[in-house]
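Okay, upload_23.txt is below, compact mmCIF, N, CA, C and O atoms:
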```
# COMPACT_ATOMS: atom_id res chain seq x y z
N MET A 1051 25.15 57.47 -29.35
CA MET A 1051 24.20 56.67 -28.63
C MET A 1051 22.82 56.81 -29.28
O MET A 1051 22.37 57.90 -29.57
N THR A 1052 22.15 55.71 -29.51
CA THR A 1052 20.83 55.72 -30.14
C THR A 1052 19.76 55.95 -29.10
O THR A 1052 19.76 55.33 -28.04
N MET A 1053 18.83 56.84 -29.42
CA MET A 1053 17.73 57.12 -28.51
C MET A 1053 16.65 56.04 -28.68
O MET A 1053 16.27 55.71 -29.80
N VAL A 1054 16.18 55.49 -27.59
CA VAL A 1054 15.12 54.50 -27.63
C VAL A 1054 13.79 55.23 -27.48
O VAL A 1054 13.58 55.97 -26.52
N LEU A 1055 12.90 55.03 -28.46
CA LEU A 1055 11.60 55.68 -28.42
C LEU A 1055 10.68 54.94 -27.46
O LEU A 1055 10.71 53.72 -27.38
N GLY A 1056 9.86 55.69 -26.78
CA GLY A 1056 8.86 55.09 -25.90
C GLY A 1056 7.60 55.91 -25.92
O GLY A 1056 7.63 57.13 -26.05
N VAL A 1057 6.47 55.24 -25.80
CA VAL A 1057 5.17 55.91 -25.79
C VAL A 1057 4.70 56.05 -24.35
O VAL A 1057 4.68 55.08 -23.59
N ASP A 1058 4.33 57.26 -23.99
CA ASP A 1058 3.82 57.54 -22.65
C ASP A 1058 2.31 57.33 -22.60
O ASP A 1058 1.80 56.73 -21.67
N ASN A 1059 1.61 57.83 -23.64
CA ASN A 1059 0.15 57.76 -23.65
C ASN A 1059 -0.36 57.81 -25.09
O ASN A 1059 0.23 58.47 -25.93
N VAL A 1060 -1.48 57.11 -25.34
CA VAL A 1060 -2.13 57.12 -26.65
C VAL A 1060 -3.58 57.54 -26.44
O VAL A 1060 -4.26 57.00 -25.58
N GLU A 1061 -4.03 58.52 -27.21
CA GLU A 1061 -5.42 58.98 -27.14
C GLU A 1061 -6.10 58.72 -28.48
O GLU A 1061 -5.59 59.13 -29.52
N LEU A 1062 -7.23 58.03 -28.44
CA LEU A 1062 -8.03 57.77 -29.64
C LEU A 1062 -9.24 58.69 -29.61
O LEU A 1062 -9.89 58.83 -28.57
N SER A 1063 -9.54 59.30 -30.73
CA SER A 1063 -10.71 60.17 -30.84
C SER A 1063 -11.27 60.04 -32.25
O SER A 1063 -10.61 59.50 -33.13
N PRO A 1064 -12.48 60.54 -32.48
CA PRO A 1064 -13.03 60.51 -33.85
C PRO A 1064 -12.15 61.26 -34.85
O PRO A 1064 -12.15 60.95 -36.03
N GLU A 1065 -11.38 62.23 -34.39
CA GLU A 1065 -10.51 63.01 -35.27
C GLU A 1065 -9.23 62.26 -35.63
O GLU A 1065 -8.62 62.54 -36.65
N GLY A 1066 -8.77 61.34 -34.77
CA GLY A 1066 -7.54 60.63 -35.05
C GLY A 1066 -6.88 60.07 -33.81
O GLY A 1066 -7.52 59.83 -32.80
N VAL A 1067 -5.57 59.88 -33.91
CA VAL A 1067 -4.76 59.29 -32.85
C VAL A 1067 -3.71 60.31 -32.42
O VAL A 1067 -3.01 60.86 -33.26
N THR A 1068 -3.63 60.53 -31.12
CA THR A 1068 -2.59 61.39 -30.56
C THR A 1068 -1.67 60.52 -29.72
O THR A 1068 -2.14 59.77 -28.87
N ILE A 1069 -0.37 60.62 -29.99
CA ILE A 1069 0.62 59.87 -29.22
C ILE A 1069 1.49 60.86 -28.47
O ILE A 1069 2.05 61.79 -29.06
N HIS A 1070 1.58 60.64 -27.17
CA HIS A 1070 2.47 61.41 -26.31
C HIS A 1070 3.69 60.53 -26.05
O HIS A 1070 3.57 59.45 -25.47
N TRP A 1071 4.84 60.97 -26.54
CA TRP A 1071 6.08 60.21 -26.43
C TRP A 1071 6.77 60.49 -25.10
O TRP A 1071 6.61 61.56 -24.53
N LYS A 1072 7.55 59.54 -24.66
CA LYS A 1072 8.27 59.67 -23.38
C LYS A 1072 9.26 60.83 -23.38
O LYS A 1072 9.59 61.35 -22.33
N ASP A 1073 9.72 61.24 -24.57
CA ASP A 1073 10.66 62.36 -24.63
C ASP A 1073 9.96 63.72 -24.63
O ASP A 1073 10.58 64.75 -24.82
N GLY A 1074 8.62 63.71 -24.42
CA GLY A 1074 7.87 64.96 -24.34
C GLY A 1074 7.24 65.41 -25.65
O GLY A 1074 6.43 66.33 -25.68
N HIS A 1075 7.58 64.78 -26.74
CA HIS A 1075 7.04 65.11 -28.05
C HIS A 1075 5.61 64.57 -28.17
O HIS A 1075 5.29 63.53 -27.60
N THR A 1076 4.75 65.27 -28.89
CA THR A 1076 3.38 64.82 -29.14
C THR A 1076 3.14 64.81 -30.64
O THR A 1076 3.49 65.76 -31.34
N CYS A 1077 2.53 63.72 -31.13
CA CYS A 1077 2.21 63.59 -32.55
C CYS A 1077 0.72 63.32 -32.72
O CYS A 1077 0.13 62.55 -31.95
N PHE A 1078 0.15 63.89 -33.76
CA PHE A 1078 -1.24 63.64 -34.13
C PHE A 1078 -1.26 63.00 -35.51
O PHE A 1078 -0.51 63.40 -36.40
N TYR A 1079 -2.14 62.00 -35.68
CA TYR A 1079 -2.31 61.31 -36.96
C TYR A 1079 -3.81 61.19 -37.23
O TYR A 1079 -4.54 60.74 -36.36
N THR A 1080 -4.25 61.53 -38.42
CA THR A 1080 -5.65 61.25 -38.75
C THR A 1080 -5.78 59.74 -38.93
O THR A 1080 -4.81 59.05 -39.28
N GLY A 1081 -6.97 59.23 -38.70
CA GLY A 1081 -7.19 57.80 -38.87
C GLY A 1081 -6.88 57.34 -40.28
O GLY A 1081 -6.23 56.31 -40.48
N LYS A 1082 -7.33 58.09 -41.27
CA LYS A 1082 -7.09 57.70 -42.66
C LYS A 1082 -5.60 57.66 -42.98
O LYS A 1082 -5.11 56.73 -43.62
N TYR A 1083 -4.86 58.64 -42.50
CA TYR A 1083 -3.42 58.69 -42.75
C TYR A 1083 -2.72 57.46 -42.18
O TYR A 1083 -1.91 56.83 -42.86
N LEU A 1084 -3.03 57.10 -40.94
CA LEU A 1084 -2.41 55.92 -40.34
C LEU A 1084 -2.83 54.64 -41.04
O LEU A 1084 -2.02 53.77 -41.31
N ARG A 1085 -4.12 54.53 -41.34
CA ARG A 1085 -4.64 53.31 -41.98
C ARG A 1085 -4.00 53.10 -43.35
O ARG A 1085 -3.61 52.00 -43.71
N ILE A 1086 -3.86 54.17 -44.12
CA ILE A 1086 -3.24 54.09 -45.45
C ILE A 1086 -1.77 53.68 -45.35
O ILE A 1086 -1.24 53.03 -46.24
N ASN A 1087 -1.13 54.03 -44.26
CA ASN A 1087 0.29 53.71 -44.08
C ASN A 1087 0.53 52.37 -43.38
O ASN A 1087 1.66 52.07 -43.00
N CYS A 1088 -0.51 51.57 -43.25
CA CYS A 1088 -0.34 50.23 -42.68
C CYS A 1088 0.61 49.44 -43.58
O CYS A 1088 0.49 49.46 -44.79
N ALA A 1089 1.55 48.76 -42.96
CA ALA A 1089 2.56 48.01 -43.72
C ALA A 1089 2.42 46.50 -43.56
O ALA A 1089 3.36 45.77 -43.83
N CYS A 1090 1.24 46.02 -43.15
CA CYS A 1090 1.06 44.58 -42.97
C CYS A 1090 1.01 43.88 -44.34
O CYS A 1090 0.90 44.52 -45.38
N ALA A 1091 1.04 42.56 -44.32
CA ALA A 1091 1.06 41.77 -45.56
C ALA A 1091 -0.22 41.92 -46.37
O ALA A 1091 -0.21 41.69 -47.58
N GLU A 1092 -1.32 42.31 -45.74
CA GLU A 1092 -2.56 42.55 -46.49
C GLU A 1092 -2.51 43.88 -47.24
O GLU A 1092 -3.21 44.05 -48.23
N CYS A 1093 -1.69 44.80 -46.76
CA CYS A 1093 -1.65 46.15 -47.33
C CYS A 1093 -0.44 46.42 -48.21
O CYS A 1093 -0.48 47.29 -49.07
N VAL A 1094 0.64 45.66 -48.00
CA VAL A 1094 1.88 45.85 -48.76
C VAL A 1094 2.42 44.47 -49.14
O VAL A 1094 2.54 43.59 -48.29
N GLU A 1095 2.74 44.30 -50.42
CA GLU A 1095 3.29 43.03 -50.90
C GLU A 1095 4.66 42.81 -50.27
O GLU A 1095 5.54 43.67 -50.36
N GLU A 1096 4.83 41.69 -49.62
CA GLU A 1096 6.02 41.44 -48.81
C GLU A 1096 7.33 41.47 -49.60
O GLU A 1096 8.32 42.01 -49.14
N TRP A 1097 7.37 40.89 -50.76
CA TRP A 1097 8.63 40.77 -51.50
C TRP A 1097 8.98 41.99 -52.32
O TRP A 1097 10.14 42.33 -52.48
N THR A 1098 7.97 42.66 -52.87
CA THR A 1098 8.25 43.81 -53.73
C THR A 1098 8.03 45.15 -53.04
O THR A 1098 8.39 46.18 -53.56
N ASN A 1099 7.37 45.12 -51.88
CA ASN A 1099 7.01 46.33 -51.13
C ASN A 1099 5.98 47.18 -51.89
O ASN A 1099 5.83 48.37 -51.63
N ARG A 1100 5.28 46.55 -52.84
CA ARG A 1100 4.24 47.24 -53.61
C ARG A 1100 2.99 47.39 -52.75
O ARG A 1100 2.55 46.47 -52.09
N LYS A 1101 2.43 48.60 -52.77
CA LYS A 1101 1.20 48.85 -52.01
C LYS A 1101 0.05 48.06 -52.61
O LYS A 1101 -0.20 48.13 -53.80
N LEU A 1102 -0.64 47.29 -51.77
CA LEU A 1102 -1.83 46.55 -52.19
C LEU A 1102 -3.10 47.30 -51.82
O LEU A 1102 -4.14 47.13 -52.45
N LEU A 1103 -3.00 48.13 -50.81
CA LEU A 1103 -4.15 48.89 -50.32
C LEU A 1103 -4.36 50.11 -51.21
O LEU A 1103 -3.45 50.93 -51.38
N ASP A 1104 -5.55 50.24 -51.76
CA ASP A 1104 -5.90 51.41 -52.56
C ASP A 1104 -6.42 52.48 -51.60
O ASP A 1104 -7.47 52.31 -50.98
N PRO A 1105 -5.71 53.60 -51.45
CA PRO A 1105 -6.14 54.65 -50.53
C PRO A 1105 -7.57 55.13 -50.78
O PRO A 1105 -8.26 55.55 -49.85
N ALA A 1106 -8.03 55.04 -52.02
CA ALA A 1106 -9.39 55.49 -52.35
C ALA A 1106 -10.46 54.61 -51.69
O ALA A 1106 -11.61 55.03 -51.57
N THR A 1107 -10.08 53.41 -51.26
CA THR A 1107 -11.06 52.51 -50.62
C THR A 1107 -11.19 52.76 -49.12
O THR A 1107 -12.05 52.17 -48.47
N ILE A 1108 -10.38 53.65 -48.57
CA ILE A 1108 -10.41 53.94 -47.14
C ILE A 1108 -11.31 55.15 -46.89
O ILE A 1108 -11.09 56.22 -47.43
N ASP A 1109 -12.32 54.94 -46.05
CA ASP A 1109 -13.28 55.99 -45.71
C ASP A 1109 -12.55 57.16 -45.02
O ASP A 1109 -11.68 56.93 -44.17
N ALA A 1110 -12.90 58.36 -45.38
CA ALA A 1110 -12.29 59.55 -44.78
C ALA A 1110 -12.52 59.60 -43.27
O ALA A 1110 -11.73 60.20 -42.54
N ASN A 1111 -13.58 58.98 -42.80
CA ASN A 1111 -13.93 59.02 -41.38
C ASN A 1111 -13.49 57.79 -40.60
O ASN A 1111 -13.95 57.56 -39.48
N ILE A 1112 -12.60 56.98 -41.17
CA ILE A 1112 -12.14 55.78 -40.47
C ILE A 1112 -11.49 56.19 -39.15
O ILE A 1112 -10.88 57.25 -39.05
N MET A 1113 -11.68 55.35 -38.14
CA MET A 1113 -11.06 55.67 -36.86
C MET A 1113 -10.51 54.43 -36.17
O MET A 1113 -10.97 53.31 -36.43
N ALA A 1114 -9.52 54.65 -35.36
CA ALA A 1114 -8.97 53.59 -34.52
C ALA A 1114 -9.92 53.44 -33.33
O ALA A 1114 -10.17 54.39 -32.60
N LEU A 1115 -10.46 52.23 -33.17
CA LEU A 1115 -11.39 51.97 -32.08
C LEU A 1115 -10.69 51.53 -30.82
O LEU A 1115 -11.19 51.73 -29.71
N ASP A 1116 -9.54 50.89 -30.98
CA ASP A 1116 -8.77 50.38 -29.85
C ASP A 1116 -7.34 50.16 -30.30
O ASP A 1116 -7.04 50.23 -31.50
N TYR A 1117 -6.46 49.89 -29.37
CA TYR A 1117 -5.07 49.61 -29.71
C TYR A 1117 -4.46 48.68 -28.68
O TYR A 1117 -4.96 48.54 -27.56
N LEU A 1118 -3.37 48.03 -29.08
CA LEU A 1118 -2.57 47.20 -28.20
C LEU A 1118 -1.13 47.67 -28.27
O LEU A 1118 -0.66 48.08 -29.33
N ARG A 1119 -0.44 47.60 -27.16
CA ARG A 1119 1.00 47.83 -27.16
C ARG A 1119 1.65 46.50 -27.51
O ARG A 1119 1.32 45.47 -26.92
N ILE A 1120 2.55 46.51 -28.45
CA ILE A 1120 3.29 45.31 -28.85
C ILE A 1120 4.69 45.46 -28.28
O ILE A 1120 5.50 46.23 -28.80
N GLY A 1121 4.94 44.74 -27.19
CA GLY A 1121 6.23 44.86 -26.52
C GLY A 1121 6.54 46.30 -26.18
O GLY A 1121 5.65 47.07 -25.82
N ARG A 1122 7.81 46.66 -26.35
CA ARG A 1122 8.24 48.04 -26.11
C ARG A 1122 8.63 48.73 -27.40
O ARG A 1122 9.42 49.66 -27.40
N TYR A 1123 8.03 48.23 -28.53
CA TYR A 1123 8.49 48.76 -29.81
C TYR A 1123 7.39 49.15 -30.80
O TYR A 1123 7.68 49.75 -31.83
N ALA A 1124 6.12 48.83 -30.53
CA ALA A 1124 5.10 49.08 -31.55
C ALA A 1124 3.69 49.18 -30.95
O ALA A 1124 3.46 48.80 -29.80
N LEU A 1125 2.77 49.67 -31.78
CA LEU A 1125 1.35 49.69 -31.47
C LEU A 1125 0.60 48.96 -32.58
O LEU A 1125 1.05 48.95 -33.73
N GLN A 1126 -0.51 48.36 -32.22
CA GLN A 1126 -1.39 47.71 -33.19
C GLN A 1126 -2.79 48.28 -32.97
O GLN A 1126 -3.27 48.32 -31.84
N PHE A 1127 -3.43 48.71 -34.05
CA PHE A 1127 -4.74 49.35 -33.96
C PHE A 1127 -5.85 48.45 -34.48
O PHE A 1127 -5.65 47.68 -35.42
N LEU A 1128 -7.01 48.57 -33.90
CA LEU A 1128 -8.24 47.97 -34.41
C LEU A 1128 -8.99 49.10 -35.10
O LEU A 1128 -9.38 50.08 -34.46
N TRP A 1129 -9.15 48.98 -36.42
CA TRP A 1129 -9.76 50.04 -37.22
C TRP A 1129 -11.26 49.80 -37.38
O TRP A 1129 -11.73 48.67 -37.37
N SER A 1130 -11.99 50.87 -37.60
CA SER A 1130 -13.44 50.79 -37.75
C SER A 1130 -13.86 50.04 -39.02
O SER A 1130 -15.02 49.64 -39.14
N ASP A 1131 -12.93 49.78 -39.94
CA ASP A 1131 -13.25 48.96 -41.12
C ASP A 1131 -12.97 47.48 -40.86
O ASP A 1131 -13.08 46.66 -41.75
N GLY A 1132 -12.61 47.13 -39.61
CA GLY A 1132 -12.37 45.74 -39.24
C GLY A 1132 -10.93 45.30 -39.37
O GLY A 1132 -10.57 44.20 -38.96
N HIS A 1133 -10.07 46.13 -39.94
CA HIS A 1133 -8.66 45.77 -40.12
C HIS A 1133 -7.94 45.83 -38.78
O HIS A 1133 -8.15 46.75 -38.00
N TYR A 1134 -7.08 44.85 -38.51
CA TYR A 1134 -6.37 44.83 -37.23
C TYR A 1134 -4.99 44.19 -37.29
O TYR A 1134 -4.33 44.06 -36.26
N THR A 1135 -4.51 43.81 -38.46
CA THR A 1135 -3.25 43.06 -38.53
C THR A 1135 -2.00 43.92 -38.61
O THR A 1135 -0.89 43.39 -38.51
N GLY A 1136 -2.14 45.21 -38.80
CA GLY A 1136 -0.96 46.06 -38.94
C GLY A 1136 -0.28 46.36 -37.62
O GLY A 1136 -0.93 46.65 -36.63
N ILE A 1137 1.04 46.26 -37.62
CA ILE A 1137 1.84 46.64 -36.47
C ILE A 1137 2.62 47.89 -36.87
O ILE A 1137 3.28 47.92 -37.91
N TYR A 1138 2.53 48.91 -36.04
CA TYR A 1138 3.17 50.19 -36.30
C TYR A 1138 4.33 50.38 -35.33
O TYR A 1138 4.12 50.80 -34.19
N PRO A 1139 5.57 50.07 -35.76
CA PRO A 1139 6.73 50.27 -34.89
C PRO A 1139 6.84 51.75 -34.49
O PRO A 1139 6.48 52.64 -35.27
N PHE A 1140 7.35 51.98 -33.30
CA PHE A 1140 7.50 53.36 -32.83
C PHE A 1140 8.32 54.19 -33.80
O PHE A 1140 8.01 55.36 -34.03
N THR A 1141 9.37 53.61 -34.39
CA THR A 1141 10.20 54.38 -35.33
C THR A 1141 9.39 54.81 -36.54
O THR A 1141 9.54 55.93 -37.03
N MET A 1142 8.50 53.95 -37.01
CA MET A 1142 7.63 54.28 -38.15
C MET A 1142 6.65 55.39 -37.75
O MET A 1142 6.44 56.35 -38.49
N LEU A 1143 6.04 55.25 -36.58
CA LEU A 1143 5.09 56.25 -36.12
C LEU A 1143 5.75 57.62 -35.98
O LEU A 1143 5.17 58.64 -36.36
N ARG A 1144 6.95 57.63 -35.47
CA ARG A 1144 7.65 58.91 -35.31
C ARG A 1144 7.96 59.52 -36.68
O ARG A 1144 7.85 60.72 -36.88
N MET A 1145 8.33 58.67 -37.64
CA MET A 1145 8.62 59.15 -39.00
C MET A 1145 7.35 59.70 -39.67
O MET A 1145 7.41 60.65 -40.43
N LEU A 1146 6.20 59.09 -39.37
CA LEU A 1146 4.93 59.52 -39.96
C LEU A 1146 4.30 60.71 -39.24
O LEU A 1146 3.26 61.20 -39.67
N CYS A 1147 4.90 61.17 -38.18
CA CYS A 1147 4.31 62.21 -37.34
C CYS A 1147 3.86 63.42 -38.15
O CYS A 1147 4.63 63.98 -38.94
N GLN A 1148 2.59 63.77 -37.97
CA GLN A 1148 2.03 64.93 -38.65
C GLN A 1148 2.15 66.19 -37.79
O GLN A 1148 1.67 67.24 -38.17
N GLY A 1149 2.76 66.02 -36.64
CA GLY A 1149 3.03 67.16 -35.78
C GLY A 1149 1.89 67.54 -34.87
O GLY A 1149 0.75 67.18 -35.07
N VAL A 1150 2.20 68.16 -33.84
CA VAL A 1150 1.32 68.84 -32.89
C VAL A 1150 2.18 69.92 -32.28
O VAL A 1150 1.79 71.06 -32.22
N ASP A 1151 3.37 69.51 -31.89
CA ASP A 1151 4.26 70.47 -31.28
C ASP A 1151 5.33 70.98 -32.25
O ASP A 1151 6.34 71.50 -31.85
N GLY A 1152 5.07 70.80 -33.56
CA GLY A 1152 5.90 71.44 -34.56
C GLY A 1152 7.14 70.72 -35.02
O GLY A 1152 7.88 71.22 -35.84
N GLU A 1153 7.41 69.53 -34.48
CA GLU A 1153 8.60 68.79 -34.88
C GLU A 1153 8.23 67.37 -35.23
O GLU A 1153 7.15 66.92 -34.95
N LYS A 1154 9.18 66.67 -35.84
CA LYS A 1154 9.00 65.25 -36.07
C LYS A 1154 9.46 64.53 -34.90
O LYS A 1154 9.94 64.14 -34.16
```
Target encoding structure tokens, full file:
Amino acid sequence: MTMVLGVDNVELSPEGVTIHWKDGHTCFYTGKYLRINCACAECVEEWTNRKLLDPATIDANIMALDYLRIGRYALQFLWSDGHYTGIYPFTMLRMLCQGVDGEK
């Protein structure tokens, strides 16, 4: 049986984004880490999957200013650099988890 991921709560801070998952797991992501991993068409070439976003162009202090829940499967962030088109599926966010409680 496949486990369905769900987000209980999202906290935005100058340090980054903290996601509290419905299964009790908590993940922390720095703003720069999440922004660099944006997979939208502006950041990743659709057909080749080649990264278009140069990580060196992302400010170390970038932060998520706001977010939207996209259905029951993803989050979309409004970044301090004005970028807002990236959709971060829950499965991707869980894979990118930098940990808080020691697990992915």
Determine, counting all atoms listed in the file, which protein, DNA and RNA residues have an atom within 8 Å of an atom of Val1054 of chain A; residues of the same chain fewer than 6 positions away are not included. Present the result as a ChimeraX atom specification.
-> /A:1072-1073,1122
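When the distance limit is 8 Å and all atoms listed in the file are what count, the residues near segment 1118-1120 of chain A, minus those fewer than 4 positions from it on the same chain, are A:Ala1124, A:Leu1125, A:Gln1126, A:Phe1127, A:Leu1128, A:Gly1136, A:Ile1137, A:Tyr1138, A:Pro1139, A:Phe1140.
Reported to one decimal place, the separation of atom CA of Tyr1083 of chain A from atom N of Arg1100 of chain A is 18.0 Å.
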Counting all atoms listed in the file, which of A:Pro1105, A:Leu1146, A:Ile1069, A:Asp1058 gets nearest to Ile1086 of chain A?
-> A:Pro1105
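For the choices A:Leu1103, A:Ala1089, A:Val1067, A:Ala1114, the atom-to-atom distance to His1133 of chain A is smallest for A:Ala1114 when using only N, CA, C and O atoms.
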Check the DSSP output for the backbone and give back, as JSON, numbers by chain, the residues of chain A in strand (DSSP E).
-> {"A": [1057, 1058, 1059, 1060, 1061, 1062, 1063, 1066, 1067, 1068, 1069, 1070, 1071, 1076, 1077, 1078, 1079, 1114, 1115, 1116, 1117, 1118, 1119, 1120, 1124, 1125, 1126, 1127, 1128, 1129, 1137, 1138, 1139]}
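Of note, atom C of Arg1085 of chain A and atom O of Thr1107 of chain A are spaced 9.6 Å apart.
Take atom N of Ser1063 of chain A and atom CA of Met1113 of chain A: the distance between them is 7.3 Å.
Remark: for Tyr1123 of chain A, the closest of the candidate residues A:Asp1109, A:His1075, A:Val1057, A:Asn1099 is A:Val1057 (distances computed over all atoms listed in the file).
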Mind the document's chain letters and residue numbers, and return as an NGL selection string the residues of chain A that DSSP labels helix (DSSP H, G or I).
-> :A and (1081-1086 or 1105-1107 or 1140-1145)
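For the set A:Gly1081, A:Thr1068, A:Thr1141, A:Asn1059, the residue with the smallest atom-to-atom gap to Trp1129 of chain A is A:Gly1081, counting all atoms listed in the file.
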Could you give me the centre and size, in Å to one decimal, of an axis-aligned box around all listed atoms of segment 1118-1123 of chain A with 4 Å added on every side, as lines of an AutoDock Vina configuration file?
```
center_x = 3.0
center_y = 47.2
center_z = -28.8
size_x = 20.8
size_y = 13.0
size_z = 14.0
```
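Ranking A:Glu1061, A:Leu1055, A:Trp1071, A:Ile1108 by their shortest atom-to-atom distance to Asn1087 of chain A, with only C-alpha atoms included, puts A:Ile1108 first.
Among the candidates A:Cys1077, A:Thr1098, A:Leu1084, A:Glu1065, the one nearest to Asn1111 of chain A when counting only C-alpha atoms is A:Glu1065.
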Mind writing segment 1128-1148 of chain A to a file for me, with N, CA and C atoms, as a CSV table (one decimal), in the first residue's frame?
```
chain,number,residue,atom,x,y,z
A,1128,LEU,N,6.1,31.9,-3.1
A,1128,LEU,CA,6.4,33.3,-3.7
A,1128,LEU,C,7.8,33.6,-3.0
A,1129,TRP,N,8.8,33.8,-3.9
A,1129,TRP,CA,10.2,34.0,-3.4
A,1129,TRP,C,10.5,35.5,-3.4
A,1130,SER,N,11.4,35.9,-2.6
A,1130,SER,CA,11.8,37.3,-2.4
A,1130,SER,C,12.4,37.8,-3.7
A,1131,ASP,N,12.8,37.0,-4.6
A,1131,ASP,CA,13.4,37.5,-5.9
A,1131,ASP,C,12.3,37.6,-7.0
A,1132,GLY,N,11.0,37.4,-6.5
A,1132,GLY,CA,9.9,37.6,-7.4
A,1132,GLY,C,9.4,36.4,-8.2
A,1133,HIS,N,10.2,35.3,-8.0
A,1133,HIS,CA,9.8,34.0,-8.7
A,1133,HIS,C,8.7,33.4,-8.0
A,1134,TYR,N,7.7,32.9,-8.8
A,1134,TYR,CA,6.5,32.2,-8.2
A,1134,TYR,C,5.9,31.1,-9.0
A,1135,THR,N,6.6,30.7,-10.1
A,1135,THR,CA,5.9,29.7,-10.9
A,1135,THR,C,6.2,28.2,-10.6
A,1136,GLY,N,7.1,28.0,-9.7
A,1136,GLY,CA,7.5,26.6,-9.3
A,1136,GLY,C,6.4,26.0,-8.4
A,1137,ILE,N,6.1,24.7,-8.8
A,1137,ILE,CA,5.2,23.9,-8.0
A,1137,ILE,C,6.1,22.8,-7.4
A,1138,TYR,N,6.0,22.6,-6.1
A,1138,TYR,CA,6.8,21.6,-5.4
A,1138,TYR,C,5.9,20.5,-4.9
A,1139,PRO,N,5.8,19.4,-5.6
A,1139,PRO,CA,5.0,18.3,-5.2
A,1139,PRO,C,5.5,17.7,-3.8
A,1140,PHE,N,4.6,17.2,-3.0
A,1140,PHE,CA,4.9,16.7,-1.7
A,1140,PHE,C,6.0,15.7,-1.8
A,1141,THR,N,5.9,14.8,-2.8
A,1141,THR,CA,7.0,13.7,-3.0
A,1141,THR,C,8.3,14.3,-3.2
A,1142,MET,N,8.4,15.4,-4.0
A,1142,MET,CA,9.7,16.1,-4.2
A,1142,MET,C,10.2,16.7,-2.9
A,1143,LEU,N,9.3,17.4,-2.2
A,1143,LEU,CA,9.7,18.1,-1.0
A,1143,LEU,C,10.2,17.0,0.1
A,1144,ARG,N,9.6,15.9,0.1
A,1144,ARG,CA,10.0,14.9,1.1
A,1144,ARG,C,11.4,14.4,0.7
A,1145,MET,N,11.6,14.2,-0.6
A,1145,MET,CA,12.9,13.7,-1.1
A,1145,MET,C,14.0,14.7,-0.9
A,1146,LEU,N,13.7,16.0,-0.9
A,1146,LEU,CA,14.7,17.1,-0.7
A,1146,LEU,C,14.9,17.4,0.8
A,1147,CYS,N,14.2,16.7,1.7
A,1147,CYS,CA,14.2,17.0,3.1
A,1147,CYS,C,15.6,17.1,3.6
A,1148,GLN,N,15.9,18.2,4.3
A,1148,GLN,CA,17.3,18.4,4.9
A,1148,GLN,C,17.3,18.0,6.3
```
